[in-house]
>>> print(open('final-v6.txt').read())   # compact mmCIF, N, CA, C and O atoms
# COMPACT_ATOMS: atom_id res chain seq x y z
N MET A 284 90.43 131.06 11.87
CA MET A 284 91.16 129.94 12.41
C MET A 284 92.60 130.33 12.77
O MET A 284 93.24 129.60 13.49
N ILE A 285 93.08 131.45 12.25
CA ILE A 285 94.43 131.89 12.56
C ILE A 285 94.35 132.84 13.75
O ILE A 285 93.71 133.87 13.68
N PRO A 286 95.01 132.49 14.85
CA PRO A 286 94.96 133.38 16.01
C PRO A 286 95.78 134.65 15.76
O PRO A 286 96.80 134.62 15.09
N PRO A 287 95.34 135.78 16.31
CA PRO A 287 96.10 137.01 16.13
C PRO A 287 97.38 136.98 16.96
O PRO A 287 97.45 136.32 17.99
N ARG A 288 98.39 137.68 16.47
CA ARG A 288 99.64 137.82 17.21
C ARG A 288 100.10 139.27 17.11
O ARG A 288 99.71 140.00 16.20
N GLN A 289 100.93 139.68 18.05
CA GLN A 289 101.42 141.05 18.04
C GLN A 289 102.49 141.22 16.96
O GLN A 289 103.38 140.38 16.82
N VAL A 290 102.36 142.31 16.20
CA VAL A 290 103.30 142.62 15.13
C VAL A 290 103.67 144.10 15.26
O VAL A 290 102.80 144.95 15.48
N ARG A 291 104.93 144.39 15.12
CA ARG A 291 105.37 145.79 15.13
C ARG A 291 104.93 146.46 13.83
O ARG A 291 105.01 145.88 12.76
N LEU A 292 104.44 147.69 13.95
CA LEU A 292 103.94 148.41 12.78
C LEU A 292 105.02 148.62 11.73
O LEU A 292 104.74 148.59 10.53
N ASP A 293 106.26 148.81 12.16
CA ASP A 293 107.32 149.06 11.18
C ASP A 293 107.75 147.81 10.42
O ASP A 293 108.56 147.88 9.50
N MET A 294 107.17 146.65 10.76
CA MET A 294 107.47 145.41 10.05
C MET A 294 106.48 145.14 8.92
O MET A 294 106.69 144.25 8.11
N LEU A 295 105.39 145.92 8.86
CA LEU A 295 104.33 145.68 7.88
C LEU A 295 104.59 146.45 6.58
O LEU A 295 104.96 147.62 6.61
N ILE A 296 104.35 145.78 5.46
CA ILE A 296 104.42 146.40 4.13
C ILE A 296 102.98 146.52 3.63
O ILE A 296 102.27 145.52 3.55
N THR A 297 102.56 147.73 3.31
CA THR A 297 101.18 147.92 2.84
C THR A 297 101.05 147.52 1.39
O THR A 297 102.00 147.60 0.62
N THR A 298 99.86 147.09 1.01
CA THR A 298 99.58 146.70 -0.37
C THR A 298 98.53 147.59 -1.01
O THR A 298 98.21 147.40 -2.17
N LYS A 299 98.00 148.54 -0.27
CA LYS A 299 96.98 149.44 -0.81
C LYS A 299 97.63 150.74 -1.24
O LYS A 299 98.56 151.23 -0.62
N ARG A 300 97.09 151.34 -2.30
CA ARG A 300 97.64 152.58 -2.82
C ARG A 300 96.87 153.80 -2.34
O ARG A 300 97.35 154.91 -2.44
N GLU A 301 95.65 153.59 -1.84
CA GLU A 301 94.81 154.72 -1.44
C GLU A 301 94.29 154.52 -0.02
O GLU A 301 94.12 153.41 0.44
N LEU A 302 94.02 155.63 0.63
CA LEU A 302 93.50 155.63 1.98
C LEU A 302 92.19 156.41 1.98
O LEU A 302 92.15 157.54 1.50
N ALA A 303 91.13 155.81 2.48
CA ALA A 303 89.83 156.48 2.55
C ALA A 303 89.67 157.10 3.93
O ALA A 303 89.62 156.39 4.93
N LEU A 304 89.62 158.42 3.99
CA LEU A 304 89.51 159.10 5.28
C LEU A 304 88.23 158.76 6.01
O LEU A 304 88.21 158.69 7.23
N ASP A 305 87.14 158.54 5.27
CA ASP A 305 85.88 158.20 5.95
C ASP A 305 86.00 156.86 6.68
O ASP A 305 85.46 156.69 7.76
N ALA A 306 86.75 155.91 6.13
CA ALA A 306 86.96 154.63 6.81
C ALA A 306 87.92 154.79 7.99
O ALA A 306 87.78 154.12 9.00
N LEU A 307 88.88 155.68 7.85
CA LEU A 307 89.83 155.92 8.93
C LEU A 307 89.16 156.53 10.15
O LEU A 307 89.44 156.16 11.28
N LEU A 308 88.23 157.44 9.92
CA LEU A 308 87.60 158.17 11.00
C LEU A 308 86.33 157.51 11.55
O LEU A 308 85.79 157.95 12.55
N ALA A 309 85.85 156.46 10.89
CA ALA A 309 84.61 155.81 11.30
C ALA A 309 84.81 155.03 12.60
O ALA A 309 85.78 154.31 12.77
N ASP A 310 83.88 155.21 13.52
CA ASP A 310 83.95 154.48 14.80
C ASP A 310 83.61 153.01 14.64
O ASP A 310 84.07 152.17 15.41
N ASP A 311 82.76 152.69 13.64
CA ASP A 311 82.30 151.31 13.48
C ASP A 311 82.93 150.64 12.26
O ASP A 311 82.32 149.80 11.61
N SER A 312 84.19 150.96 11.94
CA SER A 312 84.80 150.44 10.72
C SER A 312 84.99 148.93 10.74
O SER A 312 85.09 148.32 9.70
N THR A 313 85.03 148.30 11.90
CA THR A 313 85.17 146.85 11.97
C THR A 313 83.88 146.16 12.38
O THR A 313 83.89 144.98 12.72
N PHE A 314 82.75 146.87 12.31
CA PHE A 314 81.48 146.31 12.76
C PHE A 314 81.10 145.05 12.00
O PHE A 314 80.67 144.06 12.57
N TYR A 315 81.28 145.05 10.67
CA TYR A 315 80.89 143.90 9.85
C TYR A 315 82.07 143.00 9.49
O TYR A 315 81.90 141.99 8.85
N GLY A 316 83.28 143.36 9.87
CA GLY A 316 84.45 142.57 9.50
C GLY A 316 85.19 142.04 10.70
O GLY A 316 84.70 142.06 11.83
N ASP A 317 86.38 141.56 10.43
CA ASP A 317 87.24 141.02 11.48
C ASP A 317 87.81 142.17 12.30
O ASP A 317 88.13 143.23 11.77
N LEU A 318 87.95 141.96 13.57
CA LEU A 318 88.51 142.96 14.46
C LEU A 318 90.01 143.16 14.20
O LEU A 318 90.55 144.24 14.40
N PHE A 319 90.68 142.11 13.71
CA PHE A 319 92.12 142.15 13.52
C PHE A 319 92.49 142.29 12.04
O PHE A 319 91.86 141.69 11.18
N PRO A 320 93.53 143.06 11.74
CA PRO A 320 94.02 143.14 10.36
C PRO A 320 94.56 141.78 9.91
O PRO A 320 94.89 140.92 10.73
N HIS A 321 94.66 141.60 8.60
CA HIS A 321 95.16 140.36 8.02
C HIS A 321 96.47 140.66 7.28
O HIS A 321 96.55 141.63 6.52
N ALA A 322 97.46 139.80 7.49
CA ALA A 322 98.74 139.95 6.80
C ALA A 322 99.18 138.58 6.27
O ALA A 322 98.72 137.54 6.74
N VAL A 323 100.06 138.62 5.28
CA VAL A 323 100.64 137.42 4.71
C VAL A 323 102.14 137.50 4.87
O VAL A 323 102.74 138.51 4.49
N GLN A 324 102.74 136.47 5.44
CA GLN A 324 104.20 136.43 5.52
C GLN A 324 104.71 135.62 4.35
O GLN A 324 104.33 134.47 4.16
N TRP A 325 105.57 136.24 3.53
CA TRP A 325 106.09 135.60 2.34
C TRP A 325 107.54 136.02 2.18
O TRP A 325 107.84 137.21 2.13
N ARG A 326 108.42 135.04 2.13
CA ARG A 326 109.86 135.27 2.01
C ARG A 326 110.38 136.22 3.08
O ARG A 326 111.14 137.14 2.81
N GLY A 327 109.91 136.03 4.29
CA GLY A 327 110.39 136.80 5.42
C GLY A 327 109.79 138.18 5.58
O GLY A 327 110.10 138.88 6.53
N GLU A 328 108.93 138.60 4.68
CA GLU A 328 108.30 139.93 4.73
C GLU A 328 106.83 139.78 5.12
O GLU A 328 106.18 138.80 4.77
N LEU A 329 106.29 140.77 5.83
CA LEU A 329 104.89 140.78 6.22
C LEU A 329 104.14 141.79 5.37
O LEU A 329 104.40 142.99 5.44
N TYR A 330 103.21 141.31 4.55
CA TYR A 330 102.40 142.16 3.68
C TYR A 330 101.02 142.33 4.31
O TYR A 330 100.32 141.35 4.54
N LEU A 331 100.65 143.58 4.58
CA LEU A 331 99.35 143.88 5.18
C LEU A 331 98.29 143.82 4.09
O LEU A 331 98.21 144.68 3.23
N GLU A 332 97.49 142.76 4.11
CA GLU A 332 96.48 142.55 3.08
C GLU A 332 95.20 143.34 3.38
O GLU A 332 94.59 143.91 2.49
N ASP A 333 94.80 143.35 4.63
CA ASP A 333 93.57 144.02 5.03
C ASP A 333 93.80 144.63 6.41
O ASP A 333 94.34 143.96 7.29
N GLY A 334 93.41 145.89 6.60
CA GLY A 334 93.55 146.51 7.91
C GLY A 334 94.44 147.73 7.91
O GLY A 334 94.94 148.12 8.96
N LEU A 335 94.65 148.33 6.75
CA LEU A 335 95.49 149.53 6.67
C LEU A 335 94.96 150.62 7.58
O LEU A 335 95.72 151.28 8.29
N HIS A 336 93.64 150.83 7.59
CA HIS A 336 93.05 151.88 8.40
C HIS A 336 93.24 151.60 9.89
O HIS A 336 93.52 152.50 10.67
N ARG A 337 93.11 150.34 10.29
CA ARG A 337 93.32 149.97 11.70
C ARG A 337 94.78 150.18 12.10
O ARG A 337 95.07 150.66 13.19
N ALA A 338 95.70 149.85 11.19
CA ALA A 338 97.13 150.05 11.48
C ALA A 338 97.46 151.54 11.58
O ALA A 338 98.21 151.96 12.46
N LEU A 339 96.88 152.34 10.71
CA LEU A 339 97.12 153.78 10.76
C LEU A 339 96.54 154.40 12.03
O LEU A 339 97.17 155.25 12.66
N ARG A 340 95.34 153.96 12.43
CA ARG A 340 94.76 154.46 13.68
C ARG A 340 95.68 154.13 14.86
O ARG A 340 95.88 154.94 15.76
N ALA A 341 96.25 152.93 14.86
CA ALA A 341 97.16 152.55 15.93
C ALA A 341 98.40 153.44 15.93
O ALA A 341 98.86 153.88 16.98
N ALA A 342 98.92 153.75 14.75
CA ALA A 342 100.09 154.63 14.66
C ALA A 342 99.76 156.03 15.14
O ALA A 342 100.57 156.67 15.84
N LEU A 343 98.58 156.51 14.80
CA LEU A 343 98.17 157.85 15.23
C LEU A 343 97.97 157.91 16.75
O LEU A 343 98.09 158.96 17.35
N GLN A 344 97.68 156.77 17.36
CA GLN A 344 97.54 156.69 18.82
C GLN A 344 98.87 156.40 19.49
O GLN A 344 98.91 156.06 20.67
N GLN A 345 99.95 156.50 18.73
CA GLN A 345 101.32 156.33 19.24
C GLN A 345 101.59 154.90 19.73
O GLN A 345 102.40 154.69 20.63
N ARG A 346 100.91 153.92 19.13
CA ARG A 346 101.19 152.52 19.47
C ARG A 346 102.21 151.96 18.48
O ARG A 346 102.17 152.29 17.30
N ASN A 347 103.09 151.10 18.94
CA ASN A 347 104.12 150.51 18.09
C ASN A 347 103.75 149.13 17.57
O ASN A 347 104.35 148.66 16.60
N VAL A 348 102.79 148.47 18.22
CA VAL A 348 102.40 147.11 17.83
C VAL A 348 100.88 147.03 17.70
O VAL A 348 100.15 147.79 18.34
N ILE A 349 100.44 146.10 16.88
CA ILE A 349 99.01 145.78 16.76
C ILE A 349 98.89 144.26 16.69
O ILE A 349 99.85 143.57 16.37
N HIS A 350 97.70 143.78 16.98
CA HIS A 350 97.42 142.35 16.85
C HIS A 350 96.95 142.10 15.41
O HIS A 350 96.04 142.77 14.92
N VAL A 351 97.57 141.13 14.76
CA VAL A 351 97.32 140.83 13.35
C VAL A 351 97.19 139.33 13.17
O VAL A 351 97.90 138.56 13.82
N ARG A 352 96.28 138.92 12.30
CA ARG A 352 96.21 137.51 11.90
C ARG A 352 97.17 137.35 10.73
O ARG A 352 97.01 137.99 9.70
N VAL A 353 98.18 136.49 10.89
CA VAL A 353 99.23 136.34 9.88
C VAL A 353 99.15 134.95 9.26
O VAL A 353 99.26 133.93 9.96
N LEU A 354 98.96 134.91 7.94
CA LEU A 354 99.04 133.67 7.19
C LEU A 354 100.50 133.50 6.79
O LEU A 354 101.02 134.28 5.99
N ASP A 355 101.18 132.52 7.36
CA ASP A 355 102.61 132.33 7.15
C ASP A 355 102.85 131.38 5.99
O ASP A 355 102.86 130.16 6.15
N LEU A 356 103.06 131.94 4.79
CA LEU A 356 103.33 131.11 3.62
C LEU A 356 104.73 130.52 3.65
O LEU A 356 105.00 129.54 2.97
N ASP A 357 105.63 131.11 4.44
CA ASP A 357 106.97 130.56 4.58
C ASP A 357 106.95 129.22 5.29
O ASP A 357 107.85 128.40 5.11
N ALA A 358 105.95 128.99 6.11
CA ALA A 358 105.85 127.75 6.88
C ALA A 358 105.10 126.65 6.15
O ALA A 358 105.03 125.52 6.65
N VAL A 359 104.55 126.96 4.97
CA VAL A 359 103.78 125.96 4.23
C VAL A 359 104.73 124.90 3.69
O VAL A 359 105.73 125.20 3.05
N GLN A 360 104.41 123.65 3.98
CA GLN A 360 105.22 122.53 3.51
C GLN A 360 104.78 122.13 2.11
O GLN A 360 103.62 122.30 1.75
N PRO A 361 105.68 121.56 1.30
CA PRO A 361 105.28 121.07 -0.03
C PRO A 361 104.18 120.03 0.08
O PRO A 361 104.13 119.26 1.05
N VAL A 362 103.30 120.01 -0.91
CA VAL A 362 102.20 119.06 -0.96
C VAL A 362 102.67 117.83 -1.74
O VAL A 362 103.18 117.95 -2.84
N HIS A 363 102.50 116.65 -1.16
CA HIS A 363 102.88 115.42 -1.84
C HIS A 363 101.64 114.79 -2.45
O HIS A 363 100.68 114.48 -1.75
N ALA A 364 101.68 114.61 -3.77
CA ALA A 364 100.56 113.99 -4.47
C ALA A 364 101.01 112.63 -4.99
O ALA A 364 102.10 112.51 -5.55
N SER A 365 100.18 111.62 -4.83
CA SER A 365 100.54 110.30 -5.34
C SER A 365 99.91 110.11 -6.70
O SER A 365 98.78 110.49 -6.96
N GLY A 366 100.67 109.53 -7.59
CA GLY A 366 100.20 109.29 -8.95
C GLY A 366 100.68 107.93 -9.42
O GLY A 366 101.30 107.16 -8.69
N ALA A 367 100.42 107.62 -10.69
CA ALA A 367 100.81 106.33 -11.25
C ALA A 367 102.32 106.19 -11.32
O ALA A 367 102.87 105.10 -11.18
N SER A 368 103.03 107.26 -11.56
CA SER A 368 104.48 107.20 -11.70
C SER A 368 105.20 107.37 -10.37
O SER A 368 106.42 107.48 -10.34
N GLY A 369 104.49 107.43 -9.27
CA GLY A 369 105.12 107.59 -7.96
C GLY A 369 104.82 108.95 -7.38
O GLY A 369 104.17 109.79 -8.01
N PRO A 370 105.30 109.20 -6.17
CA PRO A 370 105.01 110.49 -5.52
C PRO A 370 105.74 111.64 -6.21
O PRO A 370 106.85 111.50 -6.68
N SER A 371 105.07 112.76 -6.26
CA SER A 371 105.67 113.98 -6.81
C SER A 371 105.47 115.09 -5.79
O SER A 371 104.65 114.99 -4.89
N THR A 372 106.24 116.15 -5.95
CA THR A 372 106.16 117.27 -5.02
C THR A 372 105.68 118.50 -5.77
O THR A 372 106.24 118.86 -6.79
N GLU A 373 104.63 119.13 -5.26
CA GLU A 373 104.13 120.38 -5.81
C GLU A 373 104.35 121.45 -4.77
O GLU A 373 104.15 121.23 -3.59
N THR A 374 104.76 122.62 -5.20
CA THR A 374 104.98 123.72 -4.27
C THR A 374 104.20 124.94 -4.73
O THR A 374 103.69 124.98 -5.84
N ILE A 375 104.14 125.92 -3.87
CA ILE A 375 103.50 127.18 -4.20
C ILE A 375 104.38 127.91 -5.20
O ILE A 375 105.59 127.99 -5.02
N PRO A 376 103.82 128.44 -6.30
CA PRO A 376 104.64 129.14 -7.28
C PRO A 376 105.34 130.35 -6.67
O PRO A 376 104.79 131.02 -5.80
N ALA A 377 106.55 130.62 -7.12
CA ALA A 377 107.33 131.75 -6.61
C ALA A 377 106.89 133.02 -7.32
O ALA A 377 107.37 133.35 -8.39
N GLN A 378 105.94 133.70 -6.74
CA GLN A 378 105.45 134.96 -7.29
C GLN A 378 105.01 135.85 -6.14
O GLN A 378 104.68 135.36 -5.08
N PRO A 379 105.04 137.16 -6.34
CA PRO A 379 104.63 138.05 -5.26
C PRO A 379 103.15 137.87 -4.94
O PRO A 379 102.36 137.54 -5.82
N PRO A 380 102.75 138.09 -3.67
CA PRO A 380 101.37 137.87 -3.29
C PRO A 380 100.40 138.91 -3.85
O PRO A 380 99.23 138.67 -3.93
N VAL A 381 100.90 140.08 -4.24
CA VAL A 381 100.04 141.15 -4.74
C VAL A 381 100.61 141.67 -6.04
O VAL A 381 101.76 142.09 -6.09
N PRO A 382 99.84 141.65 -7.15
CA PRO A 382 100.36 142.20 -8.40
C PRO A 382 100.50 143.72 -8.33
O PRO A 382 99.76 144.38 -7.62
N VAL A 383 101.43 144.24 -9.07
CA VAL A 383 101.65 145.68 -9.12
C VAL A 383 100.58 146.29 -10.01
O VAL A 383 100.42 145.88 -11.17
N PRO A 384 99.81 147.27 -9.52
CA PRO A 384 98.76 147.88 -10.34
C PRO A 384 99.36 148.65 -11.51
O PRO A 384 100.42 149.27 -11.38
N GLN A 385 98.68 148.59 -12.63
CA GLN A 385 99.10 149.32 -13.81
C GLN A 385 98.52 150.73 -13.77
O GLN A 385 97.39 150.93 -13.38
N ALA A 386 99.33 151.71 -14.16
CA ALA A 386 98.86 153.10 -14.18
C ALA A 386 97.89 153.29 -15.34
O ALA A 386 98.10 152.80 -16.43
N ARG A 387 96.81 154.01 -15.06
CA ARG A 387 95.82 154.29 -16.10
C ARG A 387 96.13 155.63 -16.73
O ARG A 387 96.55 156.57 -16.07
N SER A 388 95.92 155.69 -18.03
CA SER A 388 96.15 156.97 -18.71
C SER A 388 94.96 157.89 -18.44
O SER A 388 93.82 157.46 -18.37
N GLU A 389 95.26 159.17 -18.28
CA GLU A 389 94.21 160.15 -17.96
C GLU A 389 93.70 160.78 -19.25
O GLU A 389 94.46 161.06 -20.16
N ARG A 390 92.41 161.02 -19.29
CA ARG A 390 91.80 161.69 -20.43
C ARG A 390 91.62 163.16 -20.10
O ARG A 390 91.30 163.53 -18.99
N ARG A 391 91.78 164.00 -21.07
CA ARG A 391 91.58 165.44 -20.85
C ARG A 391 90.45 165.95 -21.69
O ARG A 391 90.09 165.57 -22.67
>>> encode(input="final-v6.txt", output="structure tokens")
Amino acid sequence: MIPPRQVRLDMLITTKRELALDALLADDSTFYGDLFPHAVQWRGELYLEDGLHRALRAALQQRNVIHVRVLDLDAVQPVHASGASGPSTETIPAQPPVPVPQARSERR
């Protein structure tokens, strides 16, 4: 339901820690998924949620922009709920969209 829009690659913040070369080099990597990467705009920053491999392929092809579906959380208005004591305002909690992964200890 979100139409894609052009986004400069240098505006995207990645959320993945690993890159799978087989997915990067696959010709049919978007065969079963969305053609466009997905990003979330939160507090003025664009976080690339899905589509790291597509963004990297675009960079390797010397392109500066890609089409991305962006969920703009900055534009979300507060939700007004009616109750017995009158209207109240609920908002989205102020937390980062992606938790920081914890490092795992290695066994030897």
>>> closest_residue(input="final-v6.txt", among="A:Pro287, A:Glu328, A:Glu301, A:Asp293", to="Val353 (chain A)", atoms="only C-alpha atoms")
A:Pro287
>>> closest_residue(input="final-v6.txt", among="A:Leu302, A:Ala342, A:Leu354, A:Leu292", to="His321 (chain A)", atoms="all atoms listed in the file")
A:Leu354
>>> atom_distance(input="final-v6.txt", atom1="CA of Arg288 (chain A)", atom2="CA of Asp305 (chain A)")
27.0 Å
>>> atom_distance(input="final-v6.txt", atom1="atom C of Ile285 (chain A)", atom2="atom C of Thr297 (chain A)")
20.3 Å
>>> residues_around(input="final-v6.txt", residues="Ala358 (chain A)", least_positions_apart="3", cutoff="8 Å", atoms="all atoms listed in the file", output="number ranges by chain")
A: 324-326, 354-355, 361
>>> write_last_selection(input="final-v6.txt", atoms="N, CA, C and O atoms", output="tab-separated table (two decimals), in the coordinates of the input")
chain	number	residue	atom	x	y	z
A	324	GLN	N	102.74	136.47	5.44
A	324	GLN	CA	104.20	136.43	5.52
A	324	GLN	C	104.71	135.62	4.35
A	324	GLN	O	104.33	134.47	4.16
A	325	TRP	N	105.57	136.24	3.53
A	325	TRP	CA	106.09	135.60	2.34
A	325	TRP	C	107.54	136.02	2.18
A	325	TRP	O	107.84	137.21	2.13
A	326	ARG	N	108.42	135.04	2.13
A	326	ARG	CA	109.86	135.27	2.01
A	326	ARG	C	110.38	136.22	3.08
A	326	ARG	O	111.14	137.14	2.81
A	354	LEU	N	98.96	134.91	7.94
A	354	LEU	CA	99.04	133.67	7.19
A	354	LEU	C	100.50	133.50	6.79
A	354	LEU	O	101.02	134.28	5.99
A	355	ASP	N	101.18	132.52	7.36
A	355	ASP	CA	102.61	132.33	7.15
A	355	ASP	C	102.85	131.38	5.99
A	355	ASP	O	102.86	130.16	6.15
A	361	PRO	N	105.68	121.56	1.30
A	361	PRO	CA	105.28	121.07	-0.03
A	361	PRO	C	104.18	120.03	0.08
A	361	PRO	O	104.13	119.26	1.05
>>> atom_distance(input="final-v6.txt", atom1="CA of Arg337 (chain A)", atom2="CA of Asp357 (chain A)")
24.8 Å
